[in-house]
>>> print(open('model-v1.cif').read())   # mmCIF, C-alpha atoms and all ligand atoms
data_upload
loop_
_atom_site.label_atom_id
_atom_site.label_comp_id
_atom_site.auth_asym_id
_atom_site.auth_seq_id
_atom_site.Cartn_x
_atom_site.Cartn_y
_atom_site.Cartn_z
CA MET A 1 -1.45 -8.45 17.00
CA LYS A 2 -1.11 -11.84 15.39
CA SER A 3 2.02 -12.34 13.32
CA PRO A 4 4.34 -15.23 12.46
CA LEU A 5 6.31 -14.34 15.62
CA CYS A 6 4.73 -14.29 19.04
CA THR A 7 3.98 -10.82 20.34
CA ILE A 8 6.52 -10.97 23.15
CA CYS A 9 9.30 -11.94 20.75
CA LEU A 10 8.24 -9.21 18.36
CA LYS A 11 8.60 -6.69 21.17
CA ASN A 12 11.89 -8.15 22.45
CA TYR A 13 13.50 -8.78 19.09
CA PRO A 14 16.35 -9.72 18.56
CA LEU A 15 15.82 -11.73 21.76
CA VAL A 16 13.43 -14.44 20.59
CA CYS A 17 12.23 -17.85 21.77
CA GLY A 18 13.37 -21.06 20.08
CA ASN A 19 10.11 -21.38 18.22
CA CYS A 20 10.38 -17.93 16.68
CA GLN A 21 14.08 -18.35 15.99
CA GLU A 22 13.19 -21.38 13.91
CA LYS A 23 10.68 -19.38 11.87
CA ILE A 24 13.29 -16.71 11.25
CA SER A 25 15.91 -19.29 10.24
CA GLU A 26 13.50 -20.97 7.88
CA GLY A 27 12.64 -17.67 6.24
CA GLU A 28 9.01 -17.77 7.30
CA ILE A 29 9.37 -14.16 8.32
CA SER A 30 11.94 -11.73 6.89
CA GLU A 31 13.93 -8.97 8.53
CA LEU A 32 11.72 -6.46 6.75
CA ASP A 33 8.55 -8.17 8.02
CA ILE A 34 9.88 -7.99 11.55
CA LYS A 35 10.80 -4.33 11.19
CA VAL A 36 7.32 -3.38 10.03
CA ALA A 37 5.52 -5.70 12.46
CA ARG A 38 7.47 -4.17 15.32
CA VAL A 39 6.31 -0.67 14.44
CA LEU A 40 2.73 -1.90 14.36
CA VAL A 41 2.88 -3.89 17.56
CA ASN A 42 4.36 -0.92 19.40
CA LEU A 43 1.31 1.12 18.39
CA GLU A 44 -1.05 -1.35 20.08
CA ASP A 45 -1.26 0.65 23.29
CA LEU A 46 -2.18 3.80 21.43
CA PHE A 47 -4.56 2.06 19.01
CA PRO A 48 -6.03 -1.00 20.77
CA SER A 49 -7.81 -2.22 17.62
CA ILE A 50 -4.38 -3.26 16.29
CA LYS A 51 -4.45 -6.09 18.84
CA GLU A 52 -7.05 -7.84 16.65
CA VAL A 53 -5.00 -7.46 13.48
CA THR A 54 -3.26 -10.31 11.68
CA PHE A 55 0.03 -9.23 10.15
CA LYS A 56 0.95 -11.44 7.19
CA GLN A 57 3.96 -9.96 5.45
CA VAL A 58 5.30 -6.92 3.71
CA PHE A 59 6.76 -6.56 0.28
CA VAL A 60 8.26 -3.65 -1.51
CA ALA A 61 7.15 -2.79 -5.02
CA ASP A 62 8.58 0.28 -6.69
CA GLY A 63 9.66 1.73 -3.34
CA VAL A 64 6.21 1.35 -1.77
CA TYR A 65 5.85 -0.84 1.32
CA VAL A 66 2.77 -2.98 0.85
CA VAL A 67 1.73 -4.39 4.22
CA LEU A 68 -0.47 -7.46 3.90
CA VAL A 69 -2.95 -7.94 6.70
CA GLY A 70 -5.93 -10.20 7.33
CA LYS A 71 -9.55 -9.77 6.31
CA GLY A 72 -11.19 -6.69 7.82
CA ASP A 73 -7.88 -5.47 9.22
CA VAL A 74 -7.47 -2.37 7.09
CA ARG A 75 -10.56 -0.94 8.73
CA ARG A 76 -9.28 -2.03 12.13
CA ILE A 77 -6.03 -0.20 11.59
CA LEU A 78 -7.36 2.92 9.89
CA GLY A 79 -10.52 3.09 12.00
CA SER A 80 -8.91 5.47 14.40
CA GLY A 81 -7.82 7.80 11.63
CA ARG A 82 -4.82 7.76 9.40
CA ARG A 83 -2.34 8.35 12.18
CA VAL A 84 -1.18 4.73 12.17
CA LEU A 85 -0.33 4.99 8.51
CA ARG A 86 1.53 8.25 9.02
CA GLN A 87 3.46 6.72 11.92
CA LEU A 88 4.45 3.73 9.79
CA GLU A 89 5.57 5.96 6.94
CA GLU A 90 7.58 8.14 9.26
CA GLU A 91 9.36 5.25 10.97
CA LEU A 92 10.02 3.33 7.76
CA GLY A 93 10.87 6.37 5.66
CA ALA A 94 8.73 5.12 2.80
CA LYS A 95 5.25 5.24 1.43
CA VAL A 96 3.13 2.54 3.06
CA ARG A 97 -0.13 0.99 1.90
CA LEU A 98 -2.18 -1.47 3.90
CA VAL A 99 -3.73 -4.24 1.83
CA GLU A 100 -5.90 -7.14 2.88
CA GLU A 101 -4.58 -10.44 1.59
CA SER A 102 -6.51 -11.35 -1.54
CA ARG A 103 -6.15 -12.59 -5.10
CA ASP A 104 -8.87 -10.24 -6.28
CA PRO A 105 -7.28 -7.31 -8.16
CA GLN A 106 -10.30 -5.10 -7.57
CA LYS A 107 -10.17 -5.56 -3.83
CA ILE A 108 -6.42 -5.00 -3.72
CA LEU A 109 -6.71 -1.91 -5.86
CA ARG A 110 -9.43 -0.55 -3.59
CA ASP A 111 -7.06 -0.83 -0.63
CA LEU A 112 -4.18 0.68 -2.58
CA ILE A 113 -5.97 3.82 -3.75
CA ARG A 114 -8.11 4.38 -0.66
CA PRO A 115 -9.82 6.81 -0.09
CA VAL A 116 -10.22 7.22 -3.87
CA ARG A 117 -13.10 5.12 -5.21
CA ILE A 118 -13.33 2.85 -8.24
CA LEU A 119 -16.22 3.80 -10.54
CA GLY A 120 -16.24 0.57 -12.48
CA ILE A 121 -14.16 -2.22 -13.84
CA ASN A 122 -14.33 -4.02 -17.20
CA THR A 123 -12.50 -7.06 -18.42
CA ILE A 124 -11.09 -6.60 -21.90
CA TRP A 125 -10.13 -9.67 -23.91
CA LEU A 126 -7.12 -9.25 -26.12
CA PRO A 127 -6.58 -11.02 -29.47
CA ASP A 128 -4.15 -13.49 -27.89
CA ASN A 129 -6.86 -14.63 -25.46
CA SER A 130 -5.27 -12.89 -22.51
CA PHE A 131 -7.14 -10.10 -20.81
CA GLU A 132 -6.62 -6.94 -18.89
CA ARG A 133 -8.85 -5.15 -16.46
CA LYS A 134 -9.80 -1.61 -17.29
CA VAL A 135 -10.50 0.34 -14.14
CA ARG A 136 -12.39 3.62 -14.25
CA ILE A 137 -11.66 6.35 -11.75
CA SER A 138 -13.13 9.82 -11.65
CA GLU A 139 -10.98 12.45 -13.33
CA ARG A 140 -11.55 14.69 -10.33
CA GLU A 141 -9.85 12.13 -8.09
CA ARG A 142 -6.77 11.72 -10.25
CA ASP A 143 -4.56 13.82 -7.99
CA ASN A 144 -5.76 12.06 -4.84
CA ILE A 145 -4.40 8.66 -5.82
CA PRO A 146 -1.60 7.99 -3.38
CA LEU A 147 0.59 6.00 -5.77
CA THR A 148 1.68 6.36 -9.37
CA LEU A 149 -0.16 4.28 -11.96
CA GLU A 150 3.01 2.31 -12.53
CA GLN A 151 3.33 1.50 -8.84
CA LEU A 152 -0.29 0.37 -8.74
CA ASN A 153 0.24 -1.83 -11.75
CA ASN A 154 3.38 -3.40 -10.33
CA VAL A 155 1.83 -4.17 -6.95
CA ILE A 156 -1.27 -5.74 -8.50
CA TYR A 157 0.84 -7.76 -10.89
CA GLU A 158 3.06 -9.06 -8.11
CA MET A 159 0.10 -10.06 -5.99
CA THR A 160 -2.23 -11.51 -8.62
CA GLY A 161 -0.29 -11.90 -11.87
CA GLU A 162 -2.90 -9.70 -13.55
CA ARG A 163 -2.51 -6.44 -15.41
CA ILE A 164 -4.77 -3.49 -14.86
CA ARG A 165 -5.23 -0.33 -16.88
CA ILE A 166 -6.54 2.74 -15.16
CA VAL A 167 -8.57 5.24 -17.15
CA PHE A 168 -10.03 8.50 -15.96
CA ASP A 169 -13.59 9.57 -16.70
ZN ZN B 1 8.48 -16.34 20.28
#
>>> encode(input="model-v1.cif", output="structure tokens")
Amino acid sequence: MKSPLCTICLKNYPLVCGNCQEKISEGEISELDIKVARVLVNLEDLFPSIKEVTFKQVFVADGVYVVLVGKGDVRRILGSGRRVLRQLEEELGAKVRLVEESRDPQKILRDLIRPVRILGINTIWLPDNSFERKVRISERERDNIPLTLEQLNNVIYEMTGERIRIVFD
């Protein structure tokens, strides 16, 4: 797995090389990032596709751990079933969502609510010239959304600065 720290240091943490120590000191990677990255890297043997994954960072919004990974990595991680996700949640004691790094709210939302699908998305202009995105999801899927609407909103806002509004059809 690619991450800000080299794989060996990730496995041996807190014993790290000078290069990685510098990244830690400069705040390029946080304690929380390391904690999550270590869980993932230790699953490499069990799920070899994780070796191809790029770990970016993790942030917590509303108690949910949002793990940012590279393009195509969500499929790489979840390809072998949802066991990786369950393992992460168990070891971190929190709800975890894997999201590919993006500024596109629709793409982020798709990762956040997976396997629930988005039916459609409209941009609604408000009188003050700002806008919000109205996202339609099937009423039948309402209970399958893994996060609360507020959590979804907060994560999207933190990542993109945009507001979304979810409506059920
Ligand atoms: Zn290192």
>>> closest_residue(input="model-v1.cif", among="A:Val155, A:Val64, A:Leu119, A:Val16", to="Pro105 in chain A", atoms="only C-alpha atoms")
A:Val155
>>> atom_distance(input="model-v1.cif", atom1="CA of Asp169 in chain A", atom2="CA of Val99 in chain A")
25.1 Å
>>> closest_atom_pairs(input="model-v1.cif", of="chain A", to="ligand ZN 1 (chain B)", cutoff="7 Å", atoms="all atoms listed in the file", output="Markdown table")
| residue | atom | partner | partner_atom | distance |
| --- | --- | --- | --- | --- |
| A:Leu5 | CA | B:ZN1 | ZN | 5.5 |
| A:Cys6 | CA | B:ZN1 | ZN | 4.5 |
| A:Ile8 | CA | B:ZN1 | ZN | 6.4 |
| A:Cys9 | CA | B:ZN1 | ZN | 4.5 |
| A:Val16 | CA | B:ZN1 | ZN | 5.3 |
| A:Cys17 | CA | B:ZN1 | ZN | 4.3 |
| A:Gly18 | CA | B:ZN1 | ZN | 6.8 |
| A:Asn19 | CA | B:ZN1 | ZN | 5.7 |
| A:Cys20 | CA | B:ZN1 | ZN | 4.4 |
>>> atom_distance(input="model-v1.cif", atom1="CA of Leu112 in chain A", atom2="CA of Val69 in chain A")
12.7 Å
>>> atom_distance(input="model-v1.cif", atom1="CA of Arg97 in chain A", atom2="CA of Leu15 in chain A")
28.5 Å
>>> residues_around(input="model-v1.cif", residues="range 28-36 of chain A", least_positions_apart="6", cutoff="8 Å", atoms="all atoms listed in the file", output="list in words")
Pro4, Leu5, Leu10, Gln57, Val58, Leu88 and Leu92 of chain A
>>> residues_around(input="model-v1.cif", residues="range 139-144 of chain A", least_positions_apart="4", cutoff="12 Å", atoms="only C-alpha atoms", output="list of chain:residue names")
A:Leu112, A:Ile113, A:Arg114, A:Pro115, A:Val116, A:Arg117, A:Ile118, A:Leu119, A:Thr148, A:Leu149, A:Ile166, A:Val167, A:Phe168, A:Asp169
>>> closest_residue(input="model-v1.cif", among="A:Arg110, A:Lys71, A:Phe59, A:Asp45", to="Ile145 in chain A", atoms="all atoms listed in the file")
A:Arg110
>>> closest_residue(input="model-v1.cif", among="A:Gly27, A:Gly72, A:Pro14, A:Gly79", to="Ser49 in chain A", atoms="only C-alpha atoms")
A:Gly79
>>> closest_residue(input="model-v1.cif", among="A:Arg82, A:Val135, A:Val41, A:Gln151", to="Lys107 in chain A", atoms="only C-alpha atoms")
A:Val135
>>> residues_around(input="model-v1.cif", residues="Gly63 in chain A", least_positions_apart="6", cutoff="10 Å", atoms="only C-alpha atoms", output="list of chain:residue names")
A:Ala94, A:Lys95, A:Val96, A:Gln151
>>> write_last_selection(input="model-v1.cif", atoms="C-alpha atoms", output="short mmCIF file (atom, residue, chain, number, x, y, z; two decimals), in the frame of the given file")
data_model
loop_
_atom_site.label_atom_id
_atom_site.label_comp_id
_atom_site.auth_asym_id
_atom_site.auth_seq_id
_atom_site.Cartn_x
_atom_site.Cartn_y
_atom_site.Cartn_z
CA ALA A 94 8.73 5.12 2.80
CA LYS A 95 5.25 5.24 1.43
CA VAL A 96 3.13 2.54 3.06
CA GLN A 151 3.33 1.50 -8.84
#
>>> closest_residue(input="model-v1.cif", among="A:Val66, A:Leu46, A:Ile164, A:Leu109", to="Glu89 in chain A", atoms="all atoms listed in the file")
A:Val66
>>> closest_residue(input="model-v1.cif", among="A:Phe131, A:Lys2, A:Asp111, A:Glu90", to="Leu152 in chain A", atoms="only C-alpha atoms")
A:Asp111
